[in-house]
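Asker: Quick one: the structure is below, questions incoming.
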Amino acid sequence: GRTVRLTRHGRQLLPHVERALLALSDGLDELAQELHPDTGRIAFAFLHSLGAKVVPVILRDFRRRRPGVRFTLVHHANDAMLEQLRAGTVDLCLTSPVPDDEAFRWRQLDVQRLCLMVPHGHRLAARKRVRLAEAADEDFIGLEHGYGLRRLTDEWCRQAGFTPRLAFEGEEIDTVLGLVAIGLGVALMPKGSGRHHEVVVAQVGSLAVNSTQFRP
């Protein structure tokens, strides 16, 4: 009230408190700008296989409605993305398969055809569809453990009655397809991922692409 007066020490501390409050106010303004639905920033993670076509279309359509929103784009292995989502480093991610942790909420956005990629001249190259069991004796080239596509490859091969013999494991789809193109093995990849490589595709099945968020 009116009877409260600053002491000598209070007057000494006052300008520092005022500067601190001003800095805090500026920080809160920056945070509000960062979180604003029309001008904020979204940390968006996605699978490598979605970066060439799917993600650009999603971002284009979104920015038509919210042109002021900015994005930080992250592409990583499936398990790593989910850990970033859990830690709050990213806001949402496009991933597959569906997370089996109830801490995440998800919605299916799309279904991609999954194909067996083989080099030209391969015994299965003339086929439009194949049973995965027909490739049981082939050397496989795939992504490392931790990638959703590697998990699907292992699971689908198990369901087909065999364990894939992984001759090469990598982190980039382009590298995997390059090795397929020169005849070092076969690979399970989403349809369309081999369009820039000398490979032949035969459809095997489908995988779901899901939008996933952390449920705090």
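A note on labels: chains of the structure tokens are A, B, ... as shown, every chain counts residues from 1, and ligands are counted from 1 in their shown order.
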Apply DSSP to the structure's backbone, then extract all residues of range 63-185 of chain A labelled strand (DSSP E) and return them as a count of residues only.
Answerer: 37
Asker: Go through A:Leu132, A:Pro67, A:Ala45, A:Gly146 and flag the residue nearest Leu92 in chain A, using only C-alpha atoms for the distances.
Answerer: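 Checking each of A:Leu132, A:Pro67, A:Ala45, A:Gly146 against Leu92 in chain A, counting only C-alpha atoms, the winner is A:Ala45.
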Asker: Please determine, counting only C-alpha atoms, which residue among A:Cys115, A:Thr153, A:Glu134, A:Pro164 has the shortest atom-to-atom distance to Lys191 in chain A.
Answerer: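 Between A:Cys115, A:Thr153, A:Glu134, A:Pro164, the residue approaching Lys191 in chain A most closely is A:Cys115.
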Asker: Extract, using only C-alpha atoms, all DNA, RNA and protein residues at most 9 Å from range 37-44 of chain A, discarding same-chain residues fewer than 2 positions from it, and format them as a list in words.
Answerer: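 Here the answer would be Leu31, Ala32, Gln33, Glu34, Leu35, Phe46, Arg66, Pro67, Gly68, Val69, Arg70, Phe71, Thr72, Leu73, Val74, His75, Thr89, Val90, Asp91, Leu92, Cys93 and Leu94 of chain A.
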Asker: Write out as a PyMOL selection string the set of residues from chain A that DSSP, computed on the backbone, places in alpha helix (DSSP H).
Answerer: chain A and resi 8-35+54-65+78-87+148-159+173-181
Asker: Report the distance between CA of Gln84 in chain A and CA of Leu109 in chain A in Å, rounded to one decimal place.
Answerer: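 Computing the Euclidean distance for CA of Gln84 in chain A and CA of Leu109 in chain A yields 20.6 Å.
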Asker: Report, in Å to a single decimal, how far apart CA of Leu143 in chain A and CA of Thr175 in chain A are.
Answerer: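 Result for CA of Thr175 in chain A versus CA of Leu143 in chain A: 9.6 Å, one decimal.
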Asker: Quick one: distance from CA of Val57 in chain A to CA of Ala87 in chain A in Å, one decimal?
Answerer: 27.1 Å
Asker: Have a look at A:Val186, A:Asp101, A:Pro119, A:Gln112 and name the one nearest to Ala136 in chain A; count only C-alpha atoms.
Answerer: A:Val186
Asker: List the spatial neighbours of range 169-174 of chain A as a CSV table (one decimal) with all heavy atoms, in the first residue's frame - criterion: any atom at most 12 Å away, only C-alpha atoms, same-chain residues fewer than 2 positions off excluded.
Answerer:
chain,number,residue,atom,x,y,z
A,47,LEU,N,9.9,-39.9,-42.2
A,47,LEU,CA,10.8,-41.0,-42.7
A,47,LEU,C,11.5,-40.5,-43.9
A,47,LEU,O,11.0,-39.7,-44.7
A,47,LEU,CB,9.9,-42.2,-43.0
A,47,LEU,CG,9.2,-42.8,-41.9
A,47,LEU,CD1,8.2,-43.9,-42.4
A,47,LEU,CD2,10.1,-43.4,-40.9
A,48,HIS,N,12.7,-41.1,-44.2
A,48,HIS,CA,13.5,-40.7,-45.3
A,48,HIS,C,12.7,-40.9,-46.6
A,48,HIS,O,12.8,-40.1,-47.6
A,48,HIS,CB,14.8,-41.6,-45.4
A,48,HIS,CG,15.8,-41.2,-44.4
A,48,HIS,ND1,15.7,-41.6,-43.1
A,48,HIS,CD2,17.0,-40.5,-44.5
A,48,HIS,CE1,16.8,-41.2,-42.4
A,48,HIS,NE2,17.5,-40.5,-43.2
A,49,SER,N,11.9,-42.0,-46.7
A,49,SER,CA,11.2,-42.3,-47.9
A,49,SER,C,10.1,-41.3,-48.3
A,49,SER,O,9.6,-41.4,-49.4
A,49,SER,CB,10.6,-43.7,-47.8
A,49,SER,OG,9.7,-43.8,-46.7
A,50,LEU,N,9.7,-40.5,-47.3
A,50,LEU,CA,8.6,-39.5,-47.6
A,50,LEU,C,9.1,-38.1,-48.0
A,50,LEU,O,8.3,-37.3,-48.3
A,50,LEU,CB,7.8,-39.4,-46.3
A,50,LEU,CG,7.2,-40.7,-45.8
A,50,LEU,CD1,6.4,-40.5,-44.5
A,50,LEU,CD2,6.3,-41.4,-46.8
A,51,GLY,N,10.5,-37.9,-47.9
A,51,GLY,CA,11.0,-36.6,-48.1
A,51,GLY,C,10.9,-36.1,-49.5
A,51,GLY,O,10.9,-34.9,-49.7
A,52,ALA,N,10.9,-36.9,-50.5
A,52,ALA,CA,11.0,-36.5,-51.9
A,52,ALA,C,9.6,-36.0,-52.4
A,52,ALA,O,9.6,-35.0,-53.2
A,52,ALA,CB,11.5,-37.6,-52.8
A,75,HIS,N,14.6,-35.5,-40.6
A,75,HIS,CA,14.3,-36.9,-41.0
A,75,HIS,C,15.3,-37.8,-40.3
A,75,HIS,O,16.5,-37.6,-40.2
A,75,HIS,CB,14.4,-37.0,-42.5
A,75,HIS,CG,15.7,-36.6,-43.2
A,75,HIS,ND1,16.8,-37.4,-43.3
A,75,HIS,CD2,16.0,-35.4,-43.7
A,75,HIS,CE1,17.7,-36.8,-43.9
A,75,HIS,NE2,17.3,-35.5,-44.1
A,76,HIS,N,14.8,-38.9,-39.8
A,76,HIS,CA,15.6,-39.8,-39.0
A,76,HIS,C,15.0,-41.2,-39.0
A,76,HIS,O,13.9,-41.4,-39.6
A,76,HIS,CB,15.7,-39.3,-37.6
A,76,HIS,CG,17.0,-39.4,-36.9
A,76,HIS,ND1,17.6,-40.7,-36.9
A,76,HIS,CD2,17.8,-38.6,-36.3
A,76,HIS,CE1,18.8,-40.5,-36.3
A,76,HIS,NE2,18.9,-39.3,-35.9
A,77,ALA,N,15.7,-42.1,-38.3
A,77,ALA,CA,15.1,-43.5,-38.2
A,77,ALA,C,13.8,-43.4,-37.3
A,77,ALA,O,13.7,-42.5,-36.5
A,77,ALA,CB,16.1,-44.4,-37.5
A,78,ASN,N,13.0,-44.4,-37.5
A,78,ASN,CA,11.7,-44.4,-36.8
A,78,ASN,C,11.9,-44.3,-35.3
A,78,ASN,O,11.2,-43.5,-34.6
A,78,ASN,CB,10.9,-45.7,-37.2
A,78,ASN,CG,9.6,-45.8,-36.5
A,78,ASN,OD1,8.7,-45.0,-36.8
A,78,ASN,ND2,9.5,-46.7,-35.6
A,117,MET,N,12.5,-54.5,-54.8
A,117,MET,CA,13.3,-53.9,-55.8
A,117,MET,C,14.4,-54.9,-56.2
A,117,MET,O,15.1,-55.4,-55.3
A,117,MET,CB,14.0,-52.6,-55.2
A,117,MET,CG,13.0,-51.6,-54.6
A,117,MET,SD,12.1,-50.8,-55.9
A,117,MET,CE,11.1,-49.6,-54.9
A,139,ASP,N,20.1,-62.4,-51.4
A,139,ASP,CA,20.7,-61.4,-50.4
A,139,ASP,C,19.9,-60.2,-50.4
A,139,ASP,O,19.5,-59.6,-51.4
A,139,ASP,CB,22.1,-61.1,-50.9
A,139,ASP,CG,23.1,-62.2,-50.7
A,139,ASP,OD1,22.9,-63.0,-49.8
A,139,ASP,OD2,24.1,-62.2,-51.4
A,140,PHE,N,19.6,-59.7,-49.2
A,140,PHE,CA,18.8,-58.5,-49.0
A,140,PHE,C,19.7,-57.3,-48.6
A,140,PHE,O,20.8,-57.5,-48.0
A,140,PHE,CB,17.7,-58.7,-47.9
A,140,PHE,CG,16.5,-59.3,-48.3
A,140,PHE,CD1,16.4,-60.6,-48.6
A,140,PHE,CD2,15.3,-58.5,-48.5
A,140,PHE,CE1,15.2,-61.2,-49.1
A,140,PHE,CE2,14.1,-59.0,-48.9
A,140,PHE,CZ,14.1,-60.4,-49.2
A,141,ILE,N,19.3,-56.2,-49.1
A,141,ILE,CA,20.0,-54.9,-48.7
A,141,ILE,C,18.9,-54.1,-48.0
A,141,ILE,O,17.8,-53.9,-48.5
A,141,ILE,CB,20.5,-54.2,-49.9
A,141,ILE,CG1,21.5,-55.1,-50.7
A,141,ILE,CG2,21.2,-52.9,-49.5
A,141,ILE,CD1,21.9,-54.6,-52.1
A,142,GLY,N,19.2,-53.6,-46.8
A,142,GLY,CA,18.2,-52.9,-46.1
A,142,GLY,C,18.7,-51.8,-45.2
A,142,GLY,O,20.0,-51.6,-45.1
A,143,LEU,N,17.8,-51.1,-44.5
A,143,LEU,CA,18.2,-50.1,-43.6
A,143,LEU,C,18.6,-50.7,-42.3
A,143,LEU,O,18.3,-51.9,-42.0
A,143,LEU,CB,17.0,-49.1,-43.4
A,143,LEU,CG,16.6,-48.3,-44.6
A,143,LEU,CD1,15.4,-47.5,-44.3
A,143,LEU,CD2,17.7,-47.5,-45.2
A,144,GLU,N,19.3,-50.0,-41.4
A,144,GLU,CA,19.8,-50.5,-40.2
A,144,GLU,C,18.6,-50.7,-39.2
A,144,GLU,O,17.5,-50.1,-39.4
A,144,GLU,CB,20.8,-49.5,-39.5
A,144,GLU,CG,22.1,-49.4,-40.4
A,144,GLU,CD,23.0,-48.4,-39.8
A,144,GLU,OE1,22.6,-47.6,-38.9
A,144,GLU,OE2,24.2,-48.4,-40.2
A,145,HIS,N,18.9,-51.4,-38.1
A,145,HIS,CA,17.9,-51.6,-37.1
A,145,HIS,C,17.5,-50.2,-36.5
A,145,HIS,O,18.4,-49.3,-36.3
A,145,HIS,CB,18.4,-52.5,-35.9
A,145,HIS,CG,18.4,-53.9,-36.3
A,145,HIS,ND1,17.3,-54.7,-36.4
A,145,HIS,CD2,19.5,-54.7,-36.6
A,145,HIS,CE1,17.6,-55.9,-36.8
A,145,HIS,NE2,18.9,-56.0,-36.9
A,146,GLY,N,16.3,-50.0,-36.1
A,146,GLY,CA,15.8,-48.7,-35.6
A,146,GLY,C,15.0,-48.0,-36.7
A,146,GLY,O,14.2,-47.1,-36.3
A,147,TYR,N,15.1,-48.4,-37.9
A,147,TYR,CA,14.3,-47.8,-39.0
A,147,TYR,C,13.0,-48.6,-39.1
A,147,TYR,O,13.0,-49.8,-39.1
A,147,TYR,CB,15.0,-47.8,-40.3
A,147,TYR,CG,16.1,-46.7,-40.4
A,147,TYR,CD1,17.4,-47.0,-39.9
A,147,TYR,CD2,15.9,-45.5,-41.0
A,147,TYR,CE1,18.4,-46.0,-39.9
A,147,TYR,CE2,16.9,-44.6,-41.1
A,147,TYR,CZ,18.1,-44.8,-40.5
A,147,TYR,OH,19.1,-43.9,-40.6
A,148,GLY,N,11.8,-47.9,-39.3
A,148,GLY,CA,10.6,-48.6,-39.4
A,148,GLY,C,10.5,-49.6,-40.6
A,148,GLY,O,10.0,-50.7,-40.5
A,149,LEU,N,11.2,-49.2,-41.7
A,149,LEU,CA,11.1,-50.0,-42.9
A,149,LEU,C,11.9,-51.3,-42.6
A,149,LEU,O,11.6,-52.4,-43.1
A,149,LEU,CB,11.7,-49.3,-44.1
A,149,LEU,CG,11.5,-49.9,-45.5
A,149,LEU,CD1,10.1,-50.2,-45.7
A,149,LEU,CD2,12.1,-49.0,-46.5
A,150,ARG,N,13.0,-51.2,-41.8
A,150,ARG,CA,13.7,-52.5,-41.5
A,150,ARG,C,12.9,-53.4,-40.6
A,150,ARG,O,12.9,-54.6,-40.8
A,150,ARG,CB,15.0,-52.1,-40.8
A,150,ARG,CG,15.8,-53.3,-40.2
A,150,ARG,CD,16.2,-54.3,-41.3
A,150,ARG,NE,16.8,-55.4,-40.7
A,150,ARG,CZ,18.1,-55.5,-40.4
A,150,ARG,NH1,18.9,-54.5,-40.7
A,150,ARG,NH2,18.7,-56.6,-39.9
A,164,PRO,N,15.5,-62.8,-43.5
A,164,PRO,CA,16.2,-62.2,-44.6
A,164,PRO,C,17.7,-62.2,-44.3
A,164,PRO,O,18.2,-62.0,-43.2
A,164,PRO,CB,15.7,-60.8,-44.7
A,164,PRO,CG,15.2,-60.5,-43.3
A,164,PRO,CD,14.6,-61.8,-42.8
A,165,ARG,N,18.5,-62.6,-45.3
A,165,ARG,CA,20.0,-62.6,-45.2
A,165,ARG,C,20.5,-61.2,-45.6
A,165,ARG,O,20.5,-60.9,-46.8
A,165,ARG,CB,20.5,-63.7,-46.1
A,165,ARG,CG,22.0,-63.8,-46.0
A,165,ARG,CD,22.5,-65.1,-46.8
A,165,ARG,NE,22.3,-65.0,-48.2
A,165,ARG,CZ,21.5,-65.8,-48.9
A,165,ARG,NH1,20.8,-66.7,-48.2
A,165,ARG,NH2,21.3,-65.7,-50.2
A,166,LEU,N,20.8,-60.4,-44.7
A,166,LEU,CA,21.2,-59.0,-44.9
A,166,LEU,C,22.6,-58.9,-45.3
A,166,LEU,O,23.5,-59.1,-44.5
A,166,LEU,CB,20.9,-58.1,-43.7
A,166,LEU,CG,19.5,-57.4,-43.6
A,166,LEU,CD1,19.4,-56.3,-44.7
A,166,LEU,CD2,18.4,-58.4,-43.7
A,167,ALA,N,22.9,-58.7,-46.6
A,167,ALA,CA,24.3,-58.5,-47.0
A,167,ALA,C,24.8,-57.2,-46.8
A,167,ALA,O,26.0,-57.0,-46.5
A,167,ALA,CB,24.4,-58.8,-48.5
A,176,VAL,N,20.9,-47.8,-50.6
A,176,VAL,CA,20.4,-49.2,-50.7
A,176,VAL,C,20.0,-49.5,-52.1
A,176,VAL,O,20.3,-50.5,-52.7
A,176,VAL,CB,19.1,-49.3,-49.7
A,176,VAL,CG1,18.4,-50.6,-50.0
A,176,VAL,CG2,19.6,-49.3,-48.3
A,177,LEU,N,19.3,-48.5,-52.8
A,177,LEU,CA,18.8,-48.8,-54.1
A,177,LEU,C,20.0,-48.8,-55.1
A,177,LEU,O,20.0,-49.5,-56.1
A,177,LEU,CB,17.8,-47.7,-54.5
A,177,LEU,CG,16.5,-47.8,-53.8
A,177,LEU,CD1,15.6,-46.6,-54.1
A,177,LEU,CD2,15.8,-49.1,-54.1
A,178,GLY,N,21.0,-48.0,-54.8
A,178,GLY,CA,22.2,-48.1,-55.7
A,178,GLY,C,22.9,-49.4,-55.6
A,178,GLY,O,23.4,-49.9,-56.7
A,179,LEU,N,22.9,-50.0,-54.5
A,179,LEU,CA,23.5,-51.4,-54.4
A,179,LEU,C,22.6,-52.4,-55.0
A,179,LEU,O,23.1,-53.4,-55.6
A,179,LEU,CB,23.7,-51.7,-52.9
A,179,LEU,CG,24.7,-50.9,-52.1
A,179,LEU,CD1,24.7,-51.2,-50.6
A,179,LEU,CD2,26.1,-51.0,-52.7
A,180,VAL,N,21.3,-52.2,-55.0
A,180,VAL,CA,20.4,-53.1,-55.7
A,180,VAL,C,20.6,-53.0,-57.2
A,180,VAL,O,20.7,-54.0,-57.9
A,180,VAL,CB,18.9,-52.8,-55.3
A,180,VAL,CG1,18.0,-53.6,-56.3
A,180,VAL,CG2,18.6,-53.1,-53.9
A,181,ALA,N,20.8,-51.8,-57.7
A,181,ALA,CA,20.9,-51.5,-59.1
A,181,ALA,C,22.1,-52.2,-59.7
A,181,ALA,O,22.1,-52.6,-60.9
A,181,ALA,CB,21.0,-50.0,-59.4
A,184,LEU,N,23.8,-56.3,-56.2
A,184,LEU,CA,24.3,-56.9,-54.9
A,184,LEU,C,23.3,-57.4,-54.0
A,184,LEU,O,23.6,-57.9,-52.9
A,184,LEU,CB,25.1,-55.8,-54.2
A,184,LEU,CG,26.4,-55.3,-54.9
A,184,LEU,CD1,27.1,-54.3,-54.1
A,184,LEU,CD2,27.3,-56.5,-55.1
A,185,GLY,N,22.0,-57.3,-54.4
A,185,GLY,CA,20.9,-57.9,-53.6
A,185,GLY,C,19.6,-57.3,-54.0
A,185,GLY,O,19.5,-56.6,-55.0
A,186,VAL,N,18.6,-57.6,-53.2
A,186,VAL,CA,17.2,-57.1,-53.4
A,186,VAL,C,16.8,-56.3,-52.1
A,186,VAL,O,17.4,-56.4,-51.1
A,186,VAL,CB,16.2,-58.2,-53.7
A,186,VAL,CG1,16.7,-59.0,-54.9
A,186,VAL,CG2,16.1,-59.1,-52.5
A,187,ALA,N,15.7,-55.5,-52.2
A,187,ALA,CA,15.3,-54.7,-51.1
A,187,ALA,C,13.8,-54.5,-51.1
A,187,ALA,O,13.2,-54.4,-52.2
A,187,ALA,CB,16.0,-53.4,-51.1
A,188,LEU,N,13.2,-54.4,-50.0
A,188,LEU,CA,11.8,-54.0,-49.8
A,188,LEU,C,11.8,-52.5,-49.6
A,188,LEU,O,12.3,-52.0,-48.7
A,188,LEU,CB,11.1,-54.7,-48.7
A,188,LEU,CG,10.5,-56.1,-48.9
A,188,LEU,CD1,10.0,-56.6,-47.6
A,188,LEU,CD2,9.5,-56.0,-50.0
A,189,MET,N,11.1,-51.8,-50.5
A,189,MET,CA,11.1,-50.3,-50.5
A,189,MET,C,9.7,-49.8,-50.9
A,189,MET,O,9.0,-50.5,-51.7
A,189,MET,CB,12.1,-49.7,-51.4
A,189,MET,CG,13.5,-49.9,-50.9
A,189,MET,SD,13.9,-48.8,-49.5
A,189,MET,CE,15.3,-49.6,-48.8
A,190,PRO,N,9.3,-48.6,-50.5
A,190,PRO,CA,8.0,-48.0,-51.0
A,190,PRO,C,8.1,-47.8,-52.5
A,190,PRO,O,9.1,-47.4,-53.0
A,190,PRO,CB,7.9,-46.7,-50.2
A,190,PRO,CG,8.8,-46.9,-49.0
A,190,PRO,CD,9.9,-47.8,-49.4
A,192,GLY,N,8.0,-46.1,-55.9
A,192,GLY,CA,8.4,-44.7,-56.3
A,192,GLY,C,9.7,-44.4,-55.8
A,192,GLY,O,10.4,-43.4,-56.3
A,193,SER,N,10.2,-45.0,-54.8
A,193,SER,CA,11.6,-44.7,-54.2
A,193,SER,C,12.7,-45.1,-55.2
A,193,SER,O,13.8,-44.6,-55.1
A,193,SER,CB,11.8,-45.3,-52.9
A,193,SER,OG,11.6,-46.7,-52.9
A,194,GLY,N,12.4,-46.0,-56.2
A,194,GLY,CA,13.4,-46.4,-57.1
A,194,GLY,C,13.4,-45.7,-58.4
A,194,GLY,O,14.1,-46.1,-59.3
A,195,ARG,N,12.7,-44.6,-58.6
A,195,ARG,CA,12.5,-44.0,-59.9
A,195,ARG,C,13.8,-43.4,-60.4
A,195,ARG,O,13.9,-43.2,-61.7
A,195,ARG,CB,11.4,-43.0,-59.8
A,195,ARG,CG,11.7,-41.8,-58.9
A,195,ARG,CD,10.5,-40.9,-58.8
A,195,ARG,NE,10.7,-39.7,-57.9
A,195,ARG,CZ,10.7,-39.8,-56.6
A,195,ARG,NH1,10.4,-40.9,-56.0
A,195,ARG,NH2,10.9,-38.7,-55.9
A,196,HIS,N,14.7,-43.1,-59.6
A,196,HIS,CA,16.0,-42.5,-60.1
A,196,HIS,C,17.1,-43.5,-60.2
A,196,HIS,O,18.3,-43.2,-60.4
A,196,HIS,CB,16.4,-41.3,-59.2
A,196,HIS,CG,15.4,-40.2,-59.2
A,196,HIS,ND1,14.9,-39.6,-60.3
A,196,HIS,CD2,14.8,-39.6,-58.1
A,196,HIS,CE1,14.1,-38.7,-60.0
A,196,HIS,NE2,14.0,-38.6,-58.6
A,197,HIS,N,16.8,-44.8,-60.0
A,197,HIS,CA,17.8,-45.9,-60.0
A,197,HIS,C,17.4,-46.9,-61.0
A,197,HIS,O,16.2,-47.1,-61.4
A,197,HIS,CB,17.9,-46.5,-58.6
A,197,HIS,CG,18.3,-45.5,-57.6
A,197,HIS,ND1,19.6,-45.3,-57.2
A,197,HIS,CD2,17.6,-44.7,-56.8
A,197,HIS,CE1,19.7,-44.4,-56.3
A,197,HIS,NE2,18.5,-44.0,-56.0
A,198,GLU,N,18.4,-47.7,-61.5
A,198,GLU,CA,18.2,-48.7,-62.5
A,198,GLU,C,17.7,-50.0,-61.8
A,198,GLU,O,18.4,-51.0,-61.7
A,198,GLU,CB,19.5,-49.0,-63.3
A,198,GLU,CG,19.9,-47.8,-64.2
A,198,GLU,CD,18.8,-47.6,-65.3
A,198,GLU,OE1,18.3,-48.6,-65.8
A,198,GLU,OE2,18.5,-46.4,-65.6
A,199,VAL,N,16.5,-49.9,-61.3
A,199,VAL,CA,15.9,-51.1,-60.6
A,199,VAL,C,14.6,-51.4,-61.1
A,199,VAL,O,13.9,-50.5,-61.8
A,199,VAL,CB,15.8,-50.8,-59.1
A,199,VAL,CG1,17.2,-50.6,-58.4
A,199,VAL,CG2,14.9,-49.7,-58.8
